[in-house]
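For reference, target29.cif is printed below; it contains mmCIF, C-alpha atoms.
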```cif
data_model
loop_
_atom_site.label_atom_id
_atom_site.label_comp_id
_atom_site.auth_asym_id
_atom_site.auth_seq_id
_atom_site.Cartn_x
_atom_site.Cartn_y
_atom_site.Cartn_z
CA MET A 1 -86.55 -64.02 11.18
CA PRO A 2 -86.88 -60.41 10.31
CA THR A 3 -83.86 -58.79 8.76
CA GLU A 4 -82.44 -55.55 10.18
CA GLU A 5 -82.14 -52.62 7.87
CA ILE A 6 -78.53 -51.51 7.70
CA VAL A 7 -78.38 -47.75 7.77
CA ASN A 8 -75.46 -45.86 6.23
CA PRO A 9 -73.96 -43.45 8.85
CA SER A 10 -73.44 -40.78 6.21
CA GLN A 11 -77.11 -41.04 5.35
CA LEU A 12 -78.04 -40.43 9.00
CA GLU A 13 -75.77 -37.39 9.11
CA SER A 14 -77.28 -36.03 5.91
CA GLU A 15 -80.79 -36.49 7.24
CA SER A 16 -79.79 -34.78 10.49
CA GLN A 17 -78.43 -31.79 8.59
CA HIS A 18 -81.61 -31.57 6.54
CA GLU A 19 -83.62 -31.55 9.72
CA THR A 20 -81.61 -28.72 11.38
CA ALA A 21 -80.96 -26.59 8.27
CA PRO A 22 -84.42 -25.03 8.20
CA ALA A 23 -83.98 -24.03 11.83
CA ARG A 24 -80.56 -22.45 11.24
CA ARG A 25 -81.37 -20.65 7.99
CA PRO A 26 -83.33 -17.70 9.51
CA TYR A 27 -80.46 -16.91 11.89
CA TRP A 28 -77.89 -16.99 9.09
CA ASN A 29 -80.07 -14.75 6.94
CA LEU A 30 -80.48 -12.29 9.82
CA ALA A 31 -76.74 -12.24 10.44
CA ARG A 32 -76.02 -11.57 6.77
CA ARG A 33 -78.55 -8.74 6.70
CA CYS A 34 -76.97 -7.19 9.81
CA VAL A 35 -73.52 -7.37 8.25
CA ARG A 36 -74.76 -5.81 5.01
CA MET A 37 -76.52 -3.04 6.90
CA SER A 38 -73.41 -2.35 9.01
CA LEU A 39 -71.24 -2.15 5.92
CA ALA A 40 -73.73 0.17 4.26
CA VAL A 41 -73.72 2.47 7.30
CA VAL A 42 -69.90 2.52 7.45
CA VAL A 43 -69.58 3.23 3.73
CA GLY A 44 -72.27 5.90 3.94
CA LEU A 45 -70.55 7.62 6.86
CA TYR A 46 -67.19 7.46 5.07
CA LEU A 47 -68.63 8.99 1.90
CA ALA A 48 -70.38 11.66 3.97
CA MET A 49 -67.07 12.55 5.64
CA LEU A 50 -65.38 12.82 2.25
CA LEU A 51 -68.15 15.08 0.99
CA MET A 52 -67.82 17.20 4.13
CA LEU A 53 -64.05 17.54 3.62
CA THR A 54 -64.58 18.55 0.00
CA TRP A 55 -67.22 21.09 0.98
CA LEU A 56 -65.02 22.54 3.75
CA GLU A 57 -61.80 22.65 1.71
CA THR A 58 -61.92 26.37 1.00
CA SER A 59 -62.50 27.29 4.65
CA LEU A 60 -59.78 24.88 5.79
CA VAL A 61 -57.15 26.13 3.34
CA TYR A 62 -58.18 29.79 3.55
CA PRO A 63 -59.45 30.53 7.10
CA ALA A 64 -59.53 34.27 6.52
CA PRO A 65 -59.73 36.27 9.78
CA SER A 66 -62.58 38.65 10.49
CA VAL A 67 -62.23 41.96 8.70
CA ALA A 68 -64.24 43.75 11.37
CA ALA A 69 -61.95 42.52 14.14
CA ALA A 70 -58.90 44.29 12.68
CA ASN A 71 -57.90 47.94 13.06
CA TRP A 72 -57.76 49.43 9.58
CA ASN A 73 -57.37 53.02 10.77
CA ARG A 74 -53.70 53.41 11.70
CA PRO A 75 -52.63 57.07 11.67
CA ASP A 76 -49.66 56.04 13.81
CA LEU A 77 -48.16 54.06 10.92
CA GLN A 78 -46.68 55.53 7.76
CA PHE A 79 -47.88 53.61 4.73
CA GLU A 80 -49.69 54.07 1.43
CA ASP A 81 -53.16 52.55 1.18
CA VAL A 82 -53.16 50.70 -2.16
CA ASN A 83 -56.06 49.50 -4.29
CA PHE A 84 -55.15 47.48 -7.36
CA THR A 85 -56.65 44.73 -9.51
CA SER A 86 -55.74 41.13 -10.17
CA THR A 87 -55.28 39.61 -13.60
CA ASP A 88 -58.96 38.70 -13.84
CA GLY A 89 -60.12 42.12 -12.64
CA THR A 90 -60.71 41.22 -8.97
CA ALA A 91 -60.28 44.27 -6.75
CA LEU A 92 -57.40 43.84 -4.28
CA HIS A 93 -56.05 45.84 -1.38
CA GLY A 94 -52.69 46.28 0.35
CA TRP A 95 -50.43 48.56 2.34
CA TYR A 96 -47.15 49.88 0.96
CA PHE A 97 -44.55 50.75 3.58
CA GLU A 98 -42.15 52.92 1.63
CA HIS A 99 -38.69 53.73 2.94
CA PRO A 100 -37.33 57.19 1.99
CA GLN A 101 -34.07 55.65 0.77
CA PRO A 102 -34.84 52.00 0.11
CA ARG A 103 -32.02 49.56 -0.49
CA ALA A 104 -34.48 47.05 -1.93
CA GLN A 105 -38.17 46.38 -2.61
CA LEU A 106 -39.82 43.44 -0.83
CA LEU A 107 -43.17 41.77 -1.41
CA PHE A 108 -44.59 39.98 1.65
CA CYS A 109 -47.03 37.08 1.13
CA HIS A 110 -48.75 36.36 4.45
CA GLY A 111 -50.12 33.16 5.96
CA ASN A 112 -53.61 31.78 5.50
CA ALA A 113 -54.93 33.11 8.83
CA GLN A 114 -53.52 36.64 8.51
CA GLN A 115 -54.49 39.91 6.86
CA VAL A 116 -52.81 43.21 6.14
CA ALA A 117 -54.18 45.10 9.13
CA ASP A 118 -52.83 42.47 11.53
CA LEU A 119 -49.30 42.88 10.19
CA GLY A 120 -48.93 46.66 10.10
CA ASP A 121 -46.74 47.07 13.19
CA TRP A 122 -44.39 44.23 12.26
CA ILE A 123 -44.03 45.27 8.60
CA SER A 124 -43.29 48.83 9.72
CA GLU A 125 -40.52 47.50 11.98
CA LEU A 126 -39.06 45.42 9.16
CA ARG A 127 -38.99 48.46 6.87
CA ASP A 128 -36.97 50.46 9.37
CA LEU A 129 -34.76 47.55 10.42
CA TYR A 130 -33.66 46.58 6.93
CA GLN A 131 -34.05 50.00 5.26
CA ILE A 132 -36.26 48.63 2.51
CA SER A 133 -39.71 49.33 1.12
CA ILE A 134 -42.28 46.58 1.73
CA PHE A 135 -45.61 45.87 0.07
CA VAL A 136 -47.98 43.57 1.95
CA PHE A 137 -51.30 42.70 0.31
CA ASP A 138 -54.41 40.61 0.91
CA TYR A 139 -55.41 37.73 -1.35
CA ARG A 140 -58.93 37.67 -2.72
CA GLY A 141 -61.39 36.94 0.06
CA TYR A 142 -59.04 38.37 2.68
CA GLY A 143 -59.19 41.76 4.36
CA ARG A 144 -60.54 44.40 2.00
CA SER A 145 -59.81 42.40 -1.14
CA GLU A 146 -62.86 41.14 -2.99
CA GLY A 147 -63.67 37.69 -4.36
CA GLU A 148 -63.35 34.12 -3.07
CA PRO A 149 -59.97 32.44 -2.71
CA THR A 150 -58.87 29.64 -5.02
CA GLU A 151 -55.35 28.54 -5.88
CA THR A 152 -55.54 29.96 -9.40
CA GLY A 153 -57.00 33.24 -8.19
CA VAL A 154 -54.59 33.68 -5.28
CA LEU A 155 -51.59 33.06 -7.53
CA GLN A 156 -52.91 35.66 -9.94
CA ASP A 157 -53.23 38.06 -7.00
CA GLY A 158 -49.59 37.47 -6.12
CA GLU A 159 -48.50 38.17 -9.68
CA ALA A 160 -50.51 41.38 -9.73
CA ALA A 161 -48.98 42.47 -6.42
CA GLN A 162 -45.43 41.84 -7.59
CA ARG A 163 -46.03 43.71 -10.83
CA TRP A 164 -47.64 46.61 -8.94
CA LEU A 165 -44.61 46.89 -6.65
CA ALA A 166 -42.16 46.68 -9.54
CA GLN A 167 -44.00 49.42 -11.45
CA ARG A 168 -44.30 51.56 -8.33
CA ALA A 169 -40.56 51.31 -7.70
CA GLU A 170 -39.69 51.49 -11.40
CA ILE A 171 -37.77 48.23 -11.41
CA ALA A 172 -38.14 44.92 -13.23
CA ASP A 173 -40.40 42.22 -11.81
CA ASP A 174 -37.43 40.00 -10.99
CA GLU A 175 -35.77 42.79 -8.96
CA VAL A 176 -38.30 42.29 -6.16
CA ILE A 177 -37.39 40.29 -3.06
CA VAL A 178 -40.25 37.87 -2.30
CA TRP A 179 -40.97 36.65 1.23
CA GLY A 180 -43.60 33.97 1.87
CA LEU A 181 -44.87 32.78 5.25
CA SER A 182 -46.64 29.40 5.52
CA LEU A 183 -49.32 29.42 2.78
CA GLY A 184 -47.64 32.55 1.48
CA GLY A 185 -44.60 30.40 0.81
CA GLY A 186 -46.57 28.51 -1.82
CA ILE A 187 -47.41 31.82 -3.48
CA ALA A 188 -43.85 33.12 -3.15
CA VAL A 189 -42.42 29.99 -4.80
CA HIS A 190 -44.82 30.42 -7.71
CA LEU A 191 -43.85 34.07 -8.13
CA ALA A 192 -40.12 33.36 -8.01
CA SER A 193 -40.47 30.56 -10.55
CA GLU A 194 -42.72 32.50 -12.93
CA LEU A 195 -41.72 36.18 -12.60
CA GLY A 196 -38.31 35.74 -11.03
CA ALA A 197 -37.07 37.33 -7.81
CA LYS A 198 -34.00 39.16 -6.55
CA ALA A 199 -34.09 36.80 -3.58
CA LEU A 200 -36.57 34.36 -2.07
CA ILE A 201 -37.32 34.03 1.65
CA LEU A 202 -39.40 31.00 2.65
CA ASP A 203 -40.66 31.06 6.21
CA ARG A 204 -42.11 27.84 7.69
CA THR A 205 -43.68 26.65 4.47
CA PHE A 206 -44.47 23.29 2.83
CA HIS A 207 -43.35 21.32 -0.20
CA SER A 208 -46.94 20.40 -1.19
CA ILE A 209 -50.18 21.36 0.47
CA VAL A 210 -51.77 18.15 -0.84
CA GLU A 211 -49.17 16.00 0.91
CA LEU A 212 -49.53 18.13 4.03
CA ALA A 213 -53.29 17.58 4.06
CA GLN A 214 -52.84 13.87 3.34
CA SER A 215 -50.69 13.54 6.46
CA ILE A 216 -53.44 15.21 8.51
CA TYR A 217 -56.22 13.05 7.04
CA PRO A 218 -54.50 9.72 6.24
CA TRP A 219 -57.84 7.91 5.99
CA ALA A 220 -59.07 10.05 3.07
CA PRO A 221 -57.96 10.00 -0.61
CA ILE A 222 -56.84 13.63 -0.39
CA ARG A 223 -54.54 13.32 -3.41
CA TRP A 224 -57.60 12.67 -5.59
CA LEU A 225 -60.06 15.06 -3.97
CA MET A 226 -58.14 18.26 -3.22
CA ARG A 227 -58.53 21.17 -5.61
CA ASN A 228 -55.94 23.52 -4.04
CA ARG A 229 -52.60 21.79 -4.57
CA TYR A 230 -49.68 24.27 -4.39
CA PRO A 231 -46.99 21.86 -5.67
CA SER A 232 -44.10 24.05 -4.52
CA VAL A 233 -41.64 21.16 -4.68
CA ASP A 234 -42.15 21.08 -8.46
CA ARG A 235 -42.35 24.83 -9.01
CA ILE A 236 -39.19 25.69 -7.07
CA GLN A 237 -37.14 23.70 -9.56
CA ASN A 238 -37.48 26.67 -11.92
CA TYR A 239 -35.84 29.08 -9.47
CA ARG A 240 -32.05 29.45 -9.27
CA GLY A 241 -31.65 32.74 -7.38
CA PRO A 242 -30.68 33.39 -3.76
CA LEU A 243 -32.82 31.44 -1.27
CA LEU A 244 -33.14 31.64 2.50
CA GLN A 245 -35.42 29.06 4.04
CA ILE A 246 -36.29 29.08 7.74
CA HIS A 247 -37.96 26.29 9.69
CA GLY A 248 -38.03 24.68 13.11
CA PRO A 249 -38.08 20.94 13.90
CA VAL A 250 -40.88 21.50 16.44
CA ASP A 251 -43.23 23.13 13.92
CA GLU A 252 -46.65 21.76 14.86
CA ILE A 253 -48.46 22.74 11.63
CA VAL A 254 -46.00 22.37 8.75
CA PRO A 255 -43.66 19.41 9.34
CA PHE A 256 -39.97 20.20 9.34
CA THR A 257 -39.40 17.39 6.83
CA SER A 258 -41.80 19.06 4.40
CA GLY A 259 -39.79 22.28 4.45
CA LYS A 260 -36.53 20.38 4.05
CA GLN A 261 -37.89 18.51 1.06
CA LEU A 262 -38.76 21.83 -0.58
CA PHE A 263 -35.29 23.21 0.11
CA ASP A 264 -33.58 20.13 -1.33
CA ALA A 265 -35.60 20.47 -4.56
CA CYS A 266 -34.34 23.99 -5.27
CA PRO A 267 -31.48 23.90 -7.82
CA SER A 268 -30.00 27.22 -6.65
CA GLN A 269 -26.30 27.22 -5.81
CA ASN A 270 -26.88 30.15 -3.45
CA LYS A 271 -29.23 28.81 -0.81
CA GLN A 272 -29.29 28.53 2.97
CA PHE A 273 -31.50 26.49 5.27
CA LEU A 274 -31.75 27.97 8.76
CA GLU A 275 -32.88 25.41 11.32
CA LEU A 276 -34.12 27.06 14.51
CA GLU A 277 -34.50 24.87 17.57
CA ASN A 278 -37.70 25.31 19.61
CA PHE A 279 -39.17 27.46 16.82
CA GLY A 280 -42.85 26.65 16.32
CA HIS A 281 -45.16 27.66 13.53
CA LEU A 282 -46.80 30.46 15.52
CA ASP A 283 -43.69 31.66 17.36
CA SER A 284 -42.25 35.14 16.92
CA PRO A 285 -38.99 35.47 14.96
CA THR A 286 -35.78 35.24 16.97
CA ALA A 287 -32.62 37.34 16.81
CA GLU A 288 -31.01 34.62 14.69
CA PHE A 289 -34.01 34.74 12.35
CA TYR A 290 -33.72 38.52 11.88
CA ALA A 291 -29.95 38.32 11.43
CA ALA A 292 -30.22 35.71 8.66
CA VAL A 293 -32.83 37.76 6.79
CA GLY A 294 -30.65 40.86 7.19
CA GLU A 295 -27.62 39.06 5.75
CA LEU A 296 -29.59 37.91 2.73
CA ILE A 297 -30.97 41.39 2.09
CA ASP A 298 -27.50 42.90 2.49
CA SER A 299 -26.17 40.46 -0.11
CA VAL A 300 -28.63 41.58 -2.80
CA ALA A 301 -29.49 45.15 -1.76
CA ASP A 302 -28.29 48.30 -3.45
CA PRO A 303 -24.79 49.34 -2.27
CA GLN A 304 -25.81 51.85 0.35
CA GLU A 305 -25.28 51.98 4.09
CA PRO A 306 -25.72 48.39 5.37
CA SER A 307 -28.45 47.52 7.82
CA SER A 308 -27.79 46.86 11.48
CA ALA A 309 -29.97 43.75 11.52
CA ALA A 310 -27.09 41.37 12.03
CA GLU A 311 -25.47 43.32 14.84
#
```
Here is the file; what I need is its structure written in the form of structure tokens.
Amino acid sequence: MPTEEIVNPSQLESESQHETAPARRPYWNLARRCVRMSLAVVVGLYLAMLLMLTWLETSLVYPAPSVAAANWNRPDLQFEDVNFTSTDGTALHGWYFEHPQPRAQLLFCHGNAQQVADLGDWISELRDLYQISIFVFDYRGYGRSEGEPTETGVLQDGEAAQRWLAQRAEIADDEVIVWGLSLGGGIAVHLASELGAKALILDRTFHSIVELAQSIYPWAPIRWLMRNRYPSVDRIQNYRGPLLQIHGPVDEIVPFTSGKQLFDACPSQNKQFLELENFGHLDSPTAEFYAAVGELIDSVADPQEPSSAAE
């Protein structure tokens, strides 16, 4: 009687797997190749975007307006056309709005999308309103100033402008009131911390441009890549003079919390934070804005007839 061969079930399963494995292997290999190719494409696109951000950094931080689009011939305004040089010899340009009996000298550092010729009417109004002399200048790469903007170069330009104004008015560097708007706030903080200031006005500015950029591009390692840093929150710790900081909670470009963080870092015992409701980054100053600036200027200005700004 023939004997039956007893087959081990595990052996049958093993043989079955060996039979189907060759059929499955090409599909698994194809799937792995597709995954690897997809990952390579994603990584390549990510690196390309990082390179693009790095390449565009200067134009993103310093979007200088067109020089040709501005009106540089203003016989209707009374100002002195000023040509001066930065620390490294870069030729710079500005307008000096001199008051016949100035109560103070003010240096205005404008935003990253502005230039001197765009501000002439407003600066002229401020001169008459507060009875002060005002010097507004263009950073390198802006307006009629030469060169290409970088943080180091722009800060040198600010130092040169403050020293020019102090020499022109025959006062010390730290007797100049410094006003910075947006990006100009980063320059103004540097000037107040390094050269000193009679008073510091910070208008809708940030605590760190790196942190600001990181919030805009959370998917990129901005803190490692960015060359222009403007760490105002660190620099302002060296300034202890009068400070007026103005910001609105609806600011759509510089977060309100960023400005508040900068204010809190200042060790001055004479500081005021003016919170303006419904005041956006590109909005025109309000009556409350002008009054607060006037009060600050009155508190540090020469004892002459007070301005009517707060009336």
Resolved residues for the PyMOL selection byres ((chain A and resi 49-54) around 9) as a PyMOL selection string: chain A and resi 44-48+55-58+60+220-222+225-227
Reference answer for the PyMOL selection byres ((chain A and resi 71) around 10), as a VMD selection string: chain A and resid 67 to 70 72 to 74 116 to 118 120
Restricting the output to C-alpha atoms, write the selected residues as a PDB file, in the frame of the given file.
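Listed below is the output, part25.pdb:
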```pdb
ATOM      1  CA  VAL A  67     -62.230  41.960   8.700  1.00  0.00           C
ATOM      2  CA  ALA A  68     -64.240  43.750  11.370  1.00  0.00           C
ATOM      3  CA  ALA A  69     -61.950  42.520  14.140  1.00  0.00           C
ATOM      4  CA  ALA A  70     -58.900  44.290  12.680  1.00  0.00           C
ATOM      5  CA  TRP A  72     -57.760  49.430   9.580  1.00  0.00           C
ATOM      6  CA  ASN A  73     -57.370  53.020  10.770  1.00  0.00           C
ATOM      7  CA  ARG A  74     -53.700  53.410  11.700  1.00  0.00           C
ATOM      8  CA  VAL A 116     -52.810  43.210   6.140  1.00  0.00           C
ATOM      9  CA  ALA A 117     -54.180  45.100   9.130  1.00  0.00           C
ATOM     10  CA  ASP A 118     -52.830  42.470  11.530  1.00  0.00           C
ATOM     11  CA  GLY A 120     -48.930  46.660  10.100  1.00  0.00           C
TER      12      GLY A 120
END
```
Asn238 (chain A) environment, 8 Å, all atoms listed in the file, sequence neighbours closer than 5 positions dropped, as a ChimeraX atom specification: /A:193-194,266-267
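This file, queried with the PyMOL selection byres ((chain A and resi 283) around 12), gives the residues Asp203, Arg204, His247, Gly248, Val250, Asp251, Glu252, Ile253, Leu276, Glu277, Asn278, Phe279, Gly280, His281, Leu282, Ser284, Pro285, Thr286 and Phe289 of chain A.
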Distance criterion (all atoms listed in the file): nearest to Ser215 (chain A) out of A:Ile177, A:Ser258, A:Ile201, A:Leu274: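 Of the candidates, the smallest distance to Ser215 (chain A) is held by A:Ser258.
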Expressed in Å to a single decimal, how great is the separation between CA of Ile209 (chain A) and CA of Glu288 (chain A)?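 Going from CA of Ile209 (chain A) over to CA of Glu288 (chain A) covers 27.3 Å.
For the atom pair formed by CA of Phe206 (chain A) and CA of Asp234 (chain A), the distance is 11.7 Å, given to one decimal.
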Restricting the calculation to all atoms listed in the file: of A:Val154, A:Val189, A:Ile123, A:Ala104, which residue gets closest to Ile171 (chain A)?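 Nearest to Ile171 (chain A): A:Ala104.
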Tell me which protein, DNA and RNA residues are within 10 Å of Arg240 (chain A), counting all atoms listed in the file, leaving out same-chain ones fewer than 3 positions away, and put them as a ChimeraX atom specification. /A:192-193,196-197,199-200,236-237,243,266-271
May I ask which of the residues A:Leu191, A:Leu155, A:Ala169, A:Val254 is the closest one to Asp88 (chain A), counting all atoms listed in the file? A:Leu155
Quick one: pull the distance between CA of Tyr130 (chain A) and CA of Ile297 (chain A), Å, one decimal. 7.6 Å
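All residues of protein, DNA or RNA that reach within 12 Å of Gly141 (chain A), judged by all atoms listed in the file and not counting those fewer than 4 positions away in the chain, are A:Thr58, A:Ser59, A:Tyr62, A:Pro63, A:Ala64, A:Pro65, A:Ser66, A:Val67, A:Thr90, A:Ala91, A:Leu92, A:His93, A:Asn112, A:Ala113, A:Gln114, A:Gln115, A:Phe137, A:Ser145, A:Glu146, A:Gly147, A:Glu148, A:Pro149, A:Thr150, A:Glu151, A:Gly153, A:Val154, A:Asp157.
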Mind filling out region 176-186 of chain A with all heavy atoms and sending it as a PDB file, in the frame of the given file?
```
ATOM      1  N   VAL A 176     -37.560  42.262  -7.425  1.00  0.00           N
ATOM      2  CA  VAL A 176     -38.300  42.290  -6.160  1.00  0.00           C
ATOM      3  C   VAL A 176     -37.883  41.104  -5.302  1.00  0.00           C
ATOM      4  O   VAL A 176     -37.806  39.978  -5.785  1.00  0.00           O
ATOM      5  CB  VAL A 176     -39.819  42.245  -6.416  1.00  0.00           C
ATOM      6  CG1 VAL A 176     -40.587  42.108  -5.106  1.00  0.00           C
ATOM      7  CG2 VAL A 176     -40.267  43.491  -7.168  1.00  0.00           C
ATOM      8  N   ILE A 177     -37.600  41.373  -4.025  1.00  0.00           N
ATOM      9  CA  ILE A 177     -37.390  40.290  -3.060  1.00  0.00           C
ATOM     10  C   ILE A 177     -38.767  39.767  -2.640  1.00  0.00           C
ATOM     11  O   ILE A 177     -39.646  40.555  -2.300  1.00  0.00           O
ATOM     12  CB  ILE A 177     -36.616  40.773  -1.824  1.00  0.00           C
ATOM     13  CG1 ILE A 177     -35.231  41.295  -2.222  1.00  0.00           C
ATOM     14  CG2 ILE A 177     -36.480  39.656  -0.801  1.00  0.00           C
ATOM     15  CD1 ILE A 177     -34.475  41.947  -1.077  1.00  0.00           C
ATOM     16  N   VAL A 178     -38.953  38.458  -2.649  1.00  0.00           N
ATOM     17  CA  VAL A 178     -40.250  37.870  -2.300  1.00  0.00           C
ATOM     18  C   VAL A 178     -40.109  37.048  -1.028  1.00  0.00           C
ATOM     19  O   VAL A 178     -39.232  36.179  -0.930  1.00  0.00           O
ATOM     20  CB  VAL A 178     -40.790  36.991  -3.446  1.00  0.00           C
ATOM     21  CG1 VAL A 178     -42.163  36.434  -3.083  1.00  0.00           C
ATOM     22  CG2 VAL A 178     -40.873  37.799  -4.746  1.00  0.00           C
ATOM     23  N   TRP A 179     -40.978  37.340  -0.077  1.00  0.00           N
ATOM     24  CA  TRP A 179     -40.970  36.650   1.230  1.00  0.00           C
ATOM     25  C   TRP A 179     -42.335  35.995   1.419  1.00  0.00           C
ATOM     26  O   TRP A 179     -43.367  36.654   1.353  1.00  0.00           O
ATOM     27  CB  TRP A 179     -40.703  37.671   2.337  1.00  0.00           C
ATOM     28  CG  TRP A 179     -40.617  37.138   3.745  1.00  0.00           C
ATOM     29  CD1 TRP A 179     -41.099  35.972   4.235  1.00  0.00           C
ATOM     30  CD2 TRP A 179     -39.995  37.807   4.856  1.00  0.00           C
ATOM     31  NE1 TRP A 179     -40.835  35.852   5.572  1.00  0.00           N
ATOM     32  CE2 TRP A 179     -40.149  36.966   5.984  1.00  0.00           C
ATOM     33  CE3 TRP A 179     -39.346  39.031   5.016  1.00  0.00           C
ATOM     34  CZ2 TRP A 179     -39.678  37.316   7.249  1.00  0.00           C
ATOM     35  CZ3 TRP A 179     -38.863  39.375   6.266  1.00  0.00           C
ATOM     36  CH2 TRP A 179     -39.024  38.524   7.366  1.00  0.00           C
ATOM     37  N   GLY A 180     -42.346  34.687   1.665  1.00  0.00           N
ATOM     38  CA  GLY A 180     -43.600  33.970   1.870  1.00  0.00           C
ATOM     39  C   GLY A 180     -43.619  33.233   3.183  1.00  0.00           C
ATOM     40  O   GLY A 180     -42.694  32.486   3.511  1.00  0.00           O
ATOM     41  N   LEU A 181     -44.683  33.430   3.956  1.00  0.00           N
ATOM     42  CA  LEU A 181     -44.870  32.780   5.250  1.00  0.00           C
ATOM     43  C   LEU A 181     -45.972  31.730   5.143  1.00  0.00           C
ATOM     44  O   LEU A 181     -47.098  32.052   4.739  1.00  0.00           O
ATOM     45  CB  LEU A 181     -45.220  33.815   6.309  1.00  0.00           C
ATOM     46  CG  LEU A 181     -45.720  33.290   7.660  1.00  0.00           C
ATOM     47  CD1 LEU A 181     -44.653  32.430   8.341  1.00  0.00           C
ATOM     48  CD2 LEU A 181     -46.124  34.445   8.574  1.00  0.00           C
ATOM     49  N   SER A 182     -45.664  30.483   5.491  1.00  0.00           N
ATOM     50  CA  SER A 182     -46.640  29.400   5.520  1.00  0.00           C
ATOM     51  C   SER A 182     -47.334  29.255   4.167  1.00  0.00           C
ATOM     52  O   SER A 182     -46.691  28.980   3.166  1.00  0.00           O
ATOM     53  CB  SER A 182     -47.644  29.633   6.660  1.00  0.00           C
ATOM     54  OG  SER A 182     -48.402  28.475   6.918  1.00  0.00           O
ATOM     55  N   LEU A 183     -48.649  29.474   4.082  1.00  0.00           N
ATOM     56  CA  LEU A 183     -49.320  29.420   2.780  1.00  0.00           C
ATOM     57  C   LEU A 183     -48.706  30.403   1.813  1.00  0.00           C
ATOM     58  O   LEU A 183     -48.579  30.132   0.617  1.00  0.00           O
ATOM     59  CB  LEU A 183     -50.816  29.730   2.942  1.00  0.00           C
ATOM     60  CG  LEU A 183     -51.600  29.796   1.629  1.00  0.00           C
ATOM     61  CD1 LEU A 183     -51.708  28.421   0.985  1.00  0.00           C
ATOM     62  CD2 LEU A 183     -52.986  30.395   1.847  1.00  0.00           C
ATOM     63  N   GLY A 184     -48.292  31.557   2.331  1.00  0.00           N
ATOM     64  CA  GLY A 184     -47.640  32.550   1.480  1.00  0.00           C
ATOM     65  C   GLY A 184     -46.376  32.033   0.832  1.00  0.00           C
ATOM     66  O   GLY A 184     -45.957  32.536  -0.210  1.00  0.00           O
ATOM     67  N   GLY A 185     -45.767  30.999   1.434  1.00  0.00           N
ATOM     68  CA  GLY A 185     -44.600  30.400   0.810  1.00  0.00           C
ATOM     69  C   GLY A 185     -44.943  29.726  -0.500  1.00  0.00           C
ATOM     70  O   GLY A 185     -44.164  29.759  -1.457  1.00  0.00           O
ATOM     71  N   GLY A 186     -46.128  29.109  -0.573  1.00  0.00           N
ATOM     72  CA  GLY A 186     -46.570  28.510  -1.820  1.00  0.00           C
ATOM     73  C   GLY A 186     -46.759  29.553  -2.912  1.00  0.00           C
ATOM     74  O   GLY A 186     -46.487  29.307  -4.086  1.00  0.00           O
TER      75      GLY A 186
END
```
